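> Structure file protein-v6.tsv (TSV, C-alpha atoms) right here:
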```tsv
chain	number	residue	atom	x	y	z
A	1	MET	CA	99.31	57.68	218.34
A	2	MET	CA	95.51	57.31	218.23
A	3	TYR	CA	93.22	60.30	218.51
A	4	ARG	CA	89.44	60.09	218.07
A	5	GLY	CA	89.79	56.94	215.98
A	6	TYR	CA	92.46	58.41	213.70
A	7	THR	CA	96.05	57.17	213.67
A	8	ILE	CA	98.72	59.87	213.67
A	9	THR	CA	102.10	58.67	212.39
A	10	GLU	CA	105.34	60.59	212.22
A	11	LYS	CA	107.54	59.67	209.29
A	12	ARG	CA	110.96	61.04	208.48
A	13	THR	CA	109.66	63.76	206.17
A	14	LYS	CA	105.95	64.11	207.01
A	15	TRP	CA	103.05	63.55	209.38
A	16	ILE	CA	100.32	61.17	208.22
A	17	VAL	CA	96.78	60.87	209.56
A	18	GLU	CA	94.96	57.63	208.76
A	19	PHE	CA	91.41	56.50	209.39
A	20	TYR	CA	90.79	52.74	209.30
A	21	GLY	CA	94.10	52.18	207.51
A	22	LYS	CA	93.37	54.69	204.75
A	23	GLU	CA	95.39	57.90	204.52
A	24	TYR	CA	93.09	60.81	205.33
A	25	PHE	CA	95.60	63.66	205.04
A	26	ALA	CA	99.31	64.33	205.43
A	27	PHE	CA	101.60	67.31	205.66
A	28	ASP	CA	105.32	67.64	205.07
A	29	LYS	CA	107.79	68.54	207.74
A	30	TYR	CA	110.11	71.36	206.84
A	31	GLU	CA	112.92	73.22	208.49
A	32	GLY	CA	111.76	76.20	210.47
A	33	ASN	CA	108.36	74.61	211.12
A	34	THR	CA	107.16	76.30	214.28
A	35	HIS	CA	104.09	74.22	215.15
A	36	ASP	CA	103.99	70.84	216.83
A	37	GLY	CA	103.14	68.16	214.26
A	38	GLU	CA	101.03	66.00	216.57
A	39	GLY	CA	99.18	69.03	217.88
A	40	TYR	CA	98.55	70.27	214.36
A	41	CYS	CA	97.16	66.86	213.34
A	42	MET	CA	94.88	66.77	216.39
A	43	ALA	CA	93.63	70.29	215.64
A	44	GLU	CA	92.85	69.28	212.04
A	45	ILE	CA	90.98	66.18	213.27
A	46	ASP	CA	88.97	68.37	215.65
A	47	ARG	CA	88.18	70.75	212.77
A	48	ILE	CA	86.96	67.82	210.65
A	49	LYS	CA	84.79	66.56	213.51
A	50	ARG	CA	83.26	70.05	214.01
A	51	GLU	CA	82.41	70.24	210.29
A	52	GLU	CA	80.80	66.79	210.42
A	53	ARG	CA	78.78	67.84	213.46
A	54	LYS	CA	77.59	71.03	211.71
A	55	GLU	CA	76.39	68.92	208.80
A	56	VAL	CA	74.51	66.52	211.11
A	57	ASP	CA	72.91	69.42	212.98
A	58	ALA	CA	71.82	71.04	209.70
A	59	ASN	CA	70.22	67.78	208.58
A	60	ILE	CA	68.38	67.45	211.89
A	61	GLN	CA	67.05	71.01	211.56
A	62	ARG	CA	65.87	70.28	208.02
A	63	VAL	CA	64.00	67.17	209.16
A	64	ASP	CA	62.49	69.05	212.10
A	65	ALA	CA	61.25	71.79	209.76
A	66	GLN	CA	59.68	69.20	207.45
A	67	VAL	CA	57.98	67.40	210.33
A	68	LYS	CA	56.51	70.65	211.72
A	69	LYS	CA	54.76	71.49	208.42
```
Could you render the structure from this file as structure tokens?

Amino acid sequence: MMYRGYTITEKRTKWIVEFYGKEYFAFDKYEGNTHDGEGYCMAEIDRIKREERKEVDANIQRVDAQVKK
């Protein structure tokens, strides 16, 4: 499955998230696991994207502050 450019793959014992063919993160499946693996992977990808956006916004604010001086 593709989600926001990341590939989510279900293996026998774990979920793997790859970005351009390189493993980005993975988590093991275990008995009694109550959350949906695909959904968990998508939520983690969204969290990563939010963090990246915060960093971009902070850099923009820094540049704006420097330009206004």
> Quick one: everything within 9 Å of A:Cys41, counting all atoms listed in the file, minus sequence neighbours fewer than 3 positions away in the same chain. Send it as an MDAnalysis selection string.
chainID A and resid 8 15:17 26:27 36:38 44:46
> Could you work out how far atom CA of A:Gln61 lies from atom CA of A:Arg47, giving the answer in Å with one decimal?
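Result for atom CA of A:Arg47 versus atom CA of A:Gln61: 21.2 Å, one decimal.
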> Nearest to A:Gly21 among A:Met1, A:Gly39, A:Thr7, A:Val63, with distances taken over all atoms listed in the file: which residue is it?
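Of all the options, A:Thr7 lies closest to A:Gly21.
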> In Å, how far is it from atom CA of A:Tyr6 to atom CA of A:Lys54?
19.6 Å
> Just how far from atom CA of A:Arg50 is atom CA of A:Phe25, in Å to one decimal?
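Atom CA of A:Arg50 lies 16.5 Å from atom CA of A:Phe25.
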> So, counting only C-alpha atoms, which residue among A:Asn59, A:Arg12, A:Arg4, A:Ala43 is closest to A:Asp28?
A:Arg12
